[in-house]
file coords_31.txt (compact mmCIF, C-alpha atoms)
# COMPACT_ATOMS: atom_id res chain seq x y z
CA MET Q 29 -52.36 2.73 -10.47
CA ALA Q 30 -48.71 2.44 -11.48
CA THR Q 31 -46.17 2.28 -8.70
CA ALA Q 32 -42.58 3.47 -8.79
CA LYS Q 33 -39.87 0.95 -8.19
CA ILE Q 34 -37.54 2.05 -5.42
CA ILE Q 35 -33.94 0.90 -5.77
CA PRO Q 36 -31.76 0.97 -2.64
CA LYS Q 37 -28.89 3.41 -3.02
CA ASN Q 38 -26.22 0.79 -2.56
CA ARG Q 39 -27.73 -1.25 -5.40
CA GLY Q 40 -27.68 1.83 -7.58
CA LEU Q 41 -24.05 2.38 -6.67
CA GLY Q 42 -23.17 -1.18 -7.53
CA ALA Q 43 -25.06 -1.02 -10.81
CA ALA Q 44 -23.34 2.21 -11.80
CA LYS Q 45 -19.94 0.79 -11.04
CA ALA Q 46 -20.64 -2.38 -13.02
CA ALA Q 47 -22.28 -0.73 -16.01
CA LYS Q 48 -19.89 2.17 -16.41
CA LYS Q 49 -16.72 0.40 -15.34
CA ASP Q 50 -16.18 2.76 -12.42
CA GLU Q 51 -13.70 0.45 -10.73
CA PHE Q 52 -10.33 2.21 -10.84
CA TYR Q 53 -7.93 1.23 -8.12
CA THR Q 54 -5.50 4.00 -7.31
CA GLN Q 55 -1.88 2.96 -6.96
CA TYR Q 56 -0.18 3.47 -3.61
CA ILE Q 57 2.68 5.41 -5.19
CA ASP Q 58 0.27 7.91 -6.78
CA ILE Q 59 -1.44 8.57 -3.46
CA GLN Q 60 1.92 8.95 -1.78
CA LYS Q 61 3.20 11.44 -4.37
CA GLU Q 62 0.11 13.63 -4.11
CA VAL Q 63 -0.11 13.67 -0.33
CA GLU Q 64 3.62 14.27 0.07
CA ALA Q 65 3.38 17.21 -2.33
CA TYR Q 66 0.99 18.97 0.07
CA LEU Q 67 3.21 18.14 3.01
CA GLU Q 68 5.99 20.11 1.36
CA PHE Q 69 3.83 23.23 1.72
CA ASP Q 70 2.51 22.38 5.17
CA LYS Q 71 3.87 19.37 7.06
CA ASP Q 72 0.88 19.56 9.40
CA THR Q 73 -1.78 19.31 6.66
CA PHE Q 74 -3.22 16.12 8.17
CA ARG Q 75 -2.11 16.58 11.78
CA ASP Q 76 -4.91 16.22 14.34
CA LYS Q 77 -7.37 15.71 11.47
CA ILE Q 78 -10.03 13.05 11.01
CA ILE Q 79 -9.46 11.47 7.59
CA TYR Q 80 -12.41 9.74 5.92
CA CYS Q 81 -11.99 7.35 2.98
CA ASN Q 82 -15.64 6.80 2.14
CA CYS Q 83 -15.35 4.67 -1.01
CA ASP Q 84 -12.69 2.24 0.19
CA ASP Q 85 -12.45 -1.34 1.37
CA PRO Q 86 -10.82 -1.23 4.81
CA PHE Q 87 -7.67 -3.12 3.88
CA GLU Q 88 -7.51 -3.55 0.12
CA SER Q 89 -7.76 0.19 -0.59
CA ASN Q 90 -4.40 1.88 -1.07
CA PHE Q 91 -5.87 5.06 0.41
CA PHE Q 92 -6.46 3.13 3.61
CA LYS Q 93 -3.02 1.54 3.46
CA TYR Q 94 -1.28 4.87 2.99
CA PHE Q 95 -2.97 6.64 5.89
CA ALA Q 96 -2.76 3.59 8.14
CA THR Q 97 0.95 3.03 7.53
CA ASN Q 98 1.69 6.75 7.93
CA PHE Q 99 -0.83 7.39 10.71
CA ASN Q 100 1.75 8.41 13.31
CA ARG Q 101 4.08 10.27 10.95
CA LEU Q 102 1.23 12.42 9.63
CA GLY Q 103 -0.19 12.93 13.11
CA VAL Q 104 -3.68 11.78 12.05
CA LYS Q 105 -6.29 11.99 14.81
CA LYS Q 106 -8.59 9.31 13.37
CA LEU Q 107 -8.84 7.29 10.18
CA ILE Q 108 -12.30 6.20 9.02
CA THR Q 109 -12.90 4.02 5.99
CA THR Q 110 -16.11 2.51 4.60
CA SER Q 111 -16.71 -0.17 1.99
CA TYR Q 112 -19.93 -1.11 0.17
CA ASP Q 113 -22.02 -4.27 -0.13
CA GLY Q 114 -20.74 -6.76 -2.65
CA SER Q 115 -17.36 -5.14 -3.31
CA PRO Q 116 -15.46 -7.40 -5.72
CA ILE Q 117 -12.15 -7.02 -3.87
CA ALA Q 118 -13.11 -6.72 -0.21
CA GLY Q 119 -11.58 -9.51 1.84
CA ASP Q 120 -9.13 -10.63 -0.83
CA GLN Q 121 -6.12 -9.63 1.28
CA LEU Q 122 -7.61 -9.54 4.76
CA ALA Q 123 -10.94 -11.16 5.60
CA PHE Q 124 -13.04 -9.96 8.53
CA PHE Q 125 -15.88 -11.93 10.07
CA GLU Q 126 -18.21 -10.32 7.51
CA TYR Q 127 -16.40 -12.29 4.80
CA THR Q 128 -17.14 -15.96 5.39
CA GLU Q 129 -16.17 -19.07 3.50
CA ASN Q 130 -18.88 -21.45 2.34
CA ASN Q 131 -17.86 -24.52 0.37
CA ASP Q 132 -14.74 -22.70 -0.80
CA GLU Q 133 -16.86 -19.85 -2.17
CA ARG Q 134 -16.67 -16.51 -0.44
CA GLU Q 135 -20.01 -14.93 0.29
CA LYS Q 136 -20.55 -11.44 -1.03
CA PRO Q 137 -18.86 -9.17 1.52
CA LYS Q 138 -21.04 -6.81 3.49
CA ALA Q 139 -20.26 -3.14 3.94
CA VAL Q 140 -18.21 -2.24 6.99
CA ALA Q 141 -16.81 0.88 8.58
CA ILE Q 142 -13.48 0.88 10.38
CA GLU Q 143 -12.36 3.66 12.71
CA ILE Q 144 -8.74 3.77 13.89
CA GLU Q 145 -7.58 6.19 16.55
CA GLU Q 146 -4.26 4.58 17.40
CA VAL Q 147 -1.60 2.67 15.49
CA MET Q 148 1.00 0.84 17.51
CA ASP Q 149 4.52 1.44 16.22
CA SER Q 150 6.44 -1.68 17.12
CA ASP Q 151 9.79 -0.55 15.69
CA ILE Q 152 9.41 3.10 16.73
CA ASP Q 153 10.03 4.47 13.24
CA ARG Q 154 6.77 6.47 13.23
CA ALA Q 155 5.39 4.25 10.48
CA ALA Q 156 3.91 0.79 10.13
CA GLY Q 157 4.31 -1.78 7.38
CA ILE Q 158 1.55 -3.67 5.59
CA GLN Q 159 2.00 -6.71 7.82
CA ASP Q 160 1.85 -4.42 10.86
CA ILE Q 161 -1.50 -3.14 9.61
CA LYS Q 162 -2.89 -6.66 9.47
CA LEU Q 163 -1.70 -7.15 13.01
CA PHE Q 164 -3.17 -3.99 14.48
CA LEU Q 165 -6.49 -4.56 12.74
CA THR Q 166 -6.85 -7.70 14.81
CA GLN Q 167 -5.03 -6.69 17.99
CA ASN Q 168 -4.94 -2.92 18.38
CA PRO Q 169 -7.68 -0.43 19.24
CA HIS Q 170 -10.17 0.20 16.46
CA THR Q 171 -13.89 0.05 15.86
CA ARG Q 172 -15.41 -2.12 13.16
CA THR Q 173 -19.10 -1.68 12.38
CA ARG Q 174 -21.28 -3.41 9.83
CA LEU Q 175 -23.18 -0.84 7.77
CA ALA Q 176 -26.87 -1.71 7.58
CA GLU Q 177 -27.47 0.68 4.67
CA GLY Q 178 -24.94 -0.89 2.33
CA GLY Q 179 -22.05 1.57 2.56
CA ASP Q 180 -23.23 3.98 -0.14
CA PHE Q 181 -21.54 7.35 0.49
CA ARG Q 182 -24.97 9.01 0.28
CA SER Q 183 -26.52 6.82 2.99
CA ALA Q 184 -27.42 8.28 6.38
CA GLU Q 185 -24.78 6.11 8.06
CA CYS Q 186 -21.97 7.33 5.80
CA VAL Q 187 -23.13 10.95 5.92
CA SER Q 188 -23.03 10.73 9.71
CA LEU Q 189 -19.38 9.65 9.46
CA LEU Q 190 -18.75 12.37 6.88
CA LYS Q 191 -19.92 15.00 9.34
CA GLN Q 192 -17.15 13.92 11.72
CA ALA Q 193 -14.42 14.18 9.09
CA ASP Q 194 -12.02 17.04 8.47
CA ILE Q 195 -10.68 15.81 5.12
CA VAL Q 196 -12.09 13.25 2.67
CA VAL Q 197 -9.50 11.35 0.64
CA THR Q 198 -10.66 8.75 -1.88
CA ASN Q 199 -11.37 7.76 -5.46
CA PRO Q 200 -15.16 8.06 -5.89
CA PRO Q 201 -17.19 6.23 -8.56
CA PHE Q 202 -16.71 8.19 -11.78
CA SER Q 203 -20.38 8.00 -12.74
CA LEU Q 204 -21.37 9.48 -9.35
CA PHE Q 205 -18.63 12.11 -9.29
CA LYS Q 206 -20.99 15.10 -9.45
CA GLU Q 207 -23.12 13.77 -6.60
CA PHE Q 208 -20.01 13.00 -4.59
CA VAL Q 209 -18.54 16.50 -4.87
CA ALA Q 210 -21.96 18.07 -4.28
CA LEU Q 211 -22.26 16.15 -1.02
CA LEU Q 212 -18.80 17.29 0.12
CA ALA Q 213 -19.61 20.89 -0.79
CA GLU Q 214 -22.93 20.68 1.03
CA HIS Q 215 -21.09 19.74 4.21
CA SER Q 216 -18.16 22.13 3.60
CA LYS Q 217 -15.57 19.37 3.67
CA LYS Q 218 -11.99 19.56 2.51
CA PHE Q 219 -11.17 16.84 0.04
CA LEU Q 220 -8.43 15.23 -2.00
CA ILE Q 221 -9.97 12.99 -4.65
CA ILE Q 222 -9.27 11.35 -7.98
CA GLY Q 223 -11.52 12.53 -10.79
CA ASN Q 224 -11.69 12.32 -14.55
CA THR Q 225 -10.11 15.39 -16.16
CA ASN Q 226 -13.40 16.08 -17.96
CA ALA Q 227 -14.90 16.86 -14.56
CA ILE Q 228 -13.42 20.37 -14.73
CA THR Q 229 -16.03 21.16 -17.41
CA TYR Q 230 -18.99 20.00 -15.32
CA LEU Q 231 -21.51 22.70 -14.50
CA GLU Q 232 -21.29 21.69 -10.85
CA ILE Q 233 -17.47 21.69 -10.75
CA PHE Q 234 -16.24 24.56 -12.93
CA PRO Q 235 -17.66 27.34 -10.70
CA LEU Q 236 -15.75 25.85 -7.76
CA ILE Q 237 -12.53 25.91 -9.77
CA LYS Q 238 -13.21 29.45 -10.98
CA ALA Q 239 -13.73 30.57 -7.38
CA ASN Q 240 -10.45 28.85 -6.38
CA LYS Q 241 -12.32 26.54 -4.01
CA VAL Q 242 -11.20 23.48 -5.97
CA TRP Q 243 -8.03 23.04 -7.97
CA LEU Q 244 -6.08 20.44 -9.87
CA GLY Q 245 -3.63 18.43 -7.83
CA CYS Q 246 0.13 18.68 -7.69
CA THR Q 247 0.83 15.37 -9.43
CA ASN Q 248 0.38 14.75 -13.15
CA PHE Q 249 -2.38 12.12 -13.36
CA ASN Q 250 -3.97 10.92 -16.58
CA VAL Q 251 -7.33 10.81 -14.77
CA GLY Q 252 -6.86 14.11 -12.91
CA MET Q 253 -6.99 14.97 -9.24
CA PHE Q 254 -8.71 17.68 -7.25
CA PHE Q 255 -8.14 19.26 -3.86
CA ALA Q 256 -10.42 21.66 -2.02
CA VAL Q 257 -10.11 23.70 1.14
call {"tool": "encode", "arguments": {"input": "coords_31.txt", "output": "C-alpha cells"}}
result
Amino acid sequence: MATAKIIPKNRGLGAAKAAKKDEFYTQYIDIQKEVEAYLEFDKDTFRDKIIYCNCDDPFESNFFKYFATNFNRLGVKKLITTSYDGSPIAGDQLAFFEYTENNDEREKPKAVAIEIEEVMDSDIDRAAGIQDIKLFLTQNPHTRTRLAEGGDFRSAECVSLLKQADIVVTNPPFSLFKEFVALLAEHSKKFLIIGNTNAITYLEIFPLIKANKVWLGCTNFNVGMFFAV
C-alpha cells in the first residue's frame, strides 16, 4: 500500500520561499509612508490595537522596527511578531538565545514569537530609536516564546496569536498570498499587507475588492499593497 508523505507546514513555507524567490524585504520608508497615509484620515487607526506581524523576524523586519519605534506615538496596545524556522536573516542584527554560535557558524535560527506591551521612552519624545529597541528587547517588559510548530502563519500557534490581533501588518510569502488572505478573511481580521499587483485578478481576491472589503493602498508601490477593514 502506498503511503502519502506528510511535509510539515514550516518546511513547505521554506521550500516555497526558496523555490519561488518569495523573499522581499520591505523598506522602512515604504512602511512609514503607507501607515502615515492612513493616520492622515484617522490618527487613532492603530490606537489601543493589537498589531500582529506574522511573517517577520522580531528585529530584522522593518515592519517590527516601525511599530516598535512608534509604539507610543501610535498608541499601540500590543505588538506581536513571529518568525519561522531557518530564516536566512534572523539574528543578523540582534541574536537571541535561539541563535547560537558554534565554531563561528550560526545555527539555523528557530522560530520565535515576541509580544511587546510596553516600550520605555527614555528621551520622552514618544518614539524610540533602533538602538533603544535593542535595549528594551533585553531589559524592558516583553514575552519571547519559541514556536514549536516552526512559525508558519497557518500553524495552530500562529493562528492562536492571530485570533488576538486587531490588525495584521506584514509582507507575506508571494506564493502563499491566496492562503494568507483567505486565513485573514476567515478570522475577519483587518490587514495592511504587501502583495503582487497581479493579486487583484485572483479569484479569491477580486470579489473582496469588488465588495470594497479590500482596496489598493495609498502609496504607489511597484508590488502593490492592500488594506482591508
call {"tool": "residues_around", "arguments": {"input": "coords_31.txt", "residues": "Q:Cys81", "least_positions_apart": "5", "cutoff": "10 Å", "atoms": "only C-alpha atoms", "output": "ChimeraX atom specification"}}
result
/Q:86,89,91-92,95,107-111,141-142,181,190,193,195-200,219-221
call {"tool": "atom_distance", "arguments": {"input": "coords_31.txt", "atom1": "atom CA of Q:Gln60", "atom2": "atom CA of Q:Tyr80"}}
result
16.3 Å
call {"tool": "atom_distance", "arguments": {"input": "coords_31.txt", "atom1": "atom CA of Q:Tyr112", "atom2": "atom CA of Q:Asp85"}}
result
7.6 Å
call {"tool": "atom_distance", "arguments": {"input": "coords_31.txt", "atom1": "atom CA of Q:Thr73", "atom2": "atom CA of Q:Leu102"}}
result
8.1 Å
call {"tool": "closest_residue", "arguments": {"input": "coords_31.txt", "among": "Q:Glu62, Q:Glu146, Q:Lys217, Q:Leu231", "to": "Q:Asp194", "atoms": "all atoms listed in the file"}}
result
Q:Lys217
call {"tool": "closest_residue", "arguments": {"input": "coords_31.txt", "among": "Q:His215, Q:Lys191, Q:Lys206, Q:Lys138", "to": "Q:Ile233", "atoms": "all atoms listed in the file"}}
result
Q:Lys206
call {"tool": "axis_aligned_box", "arguments": {"input": "coords_31.txt", "around": "stretch 229-248 of chain Q", "padding_each_side": "6 Å", "output": "AutoDock Vina command-line options"}}
result
--center_x -10.3 --center_y 22.7 --center_z -10.7 --size_x 34.3 --size_y 27.8 --size_z 25.4
call {"tool": "closest_residue", "arguments": {"input": "coords_31.txt", "among": "Q:Asp58, Q:Asp72, Q:Glu207, Q:Asp113", "to": "Q:Ala176", "atoms": "all atoms listed in the file"}}
result
Q:Asp113
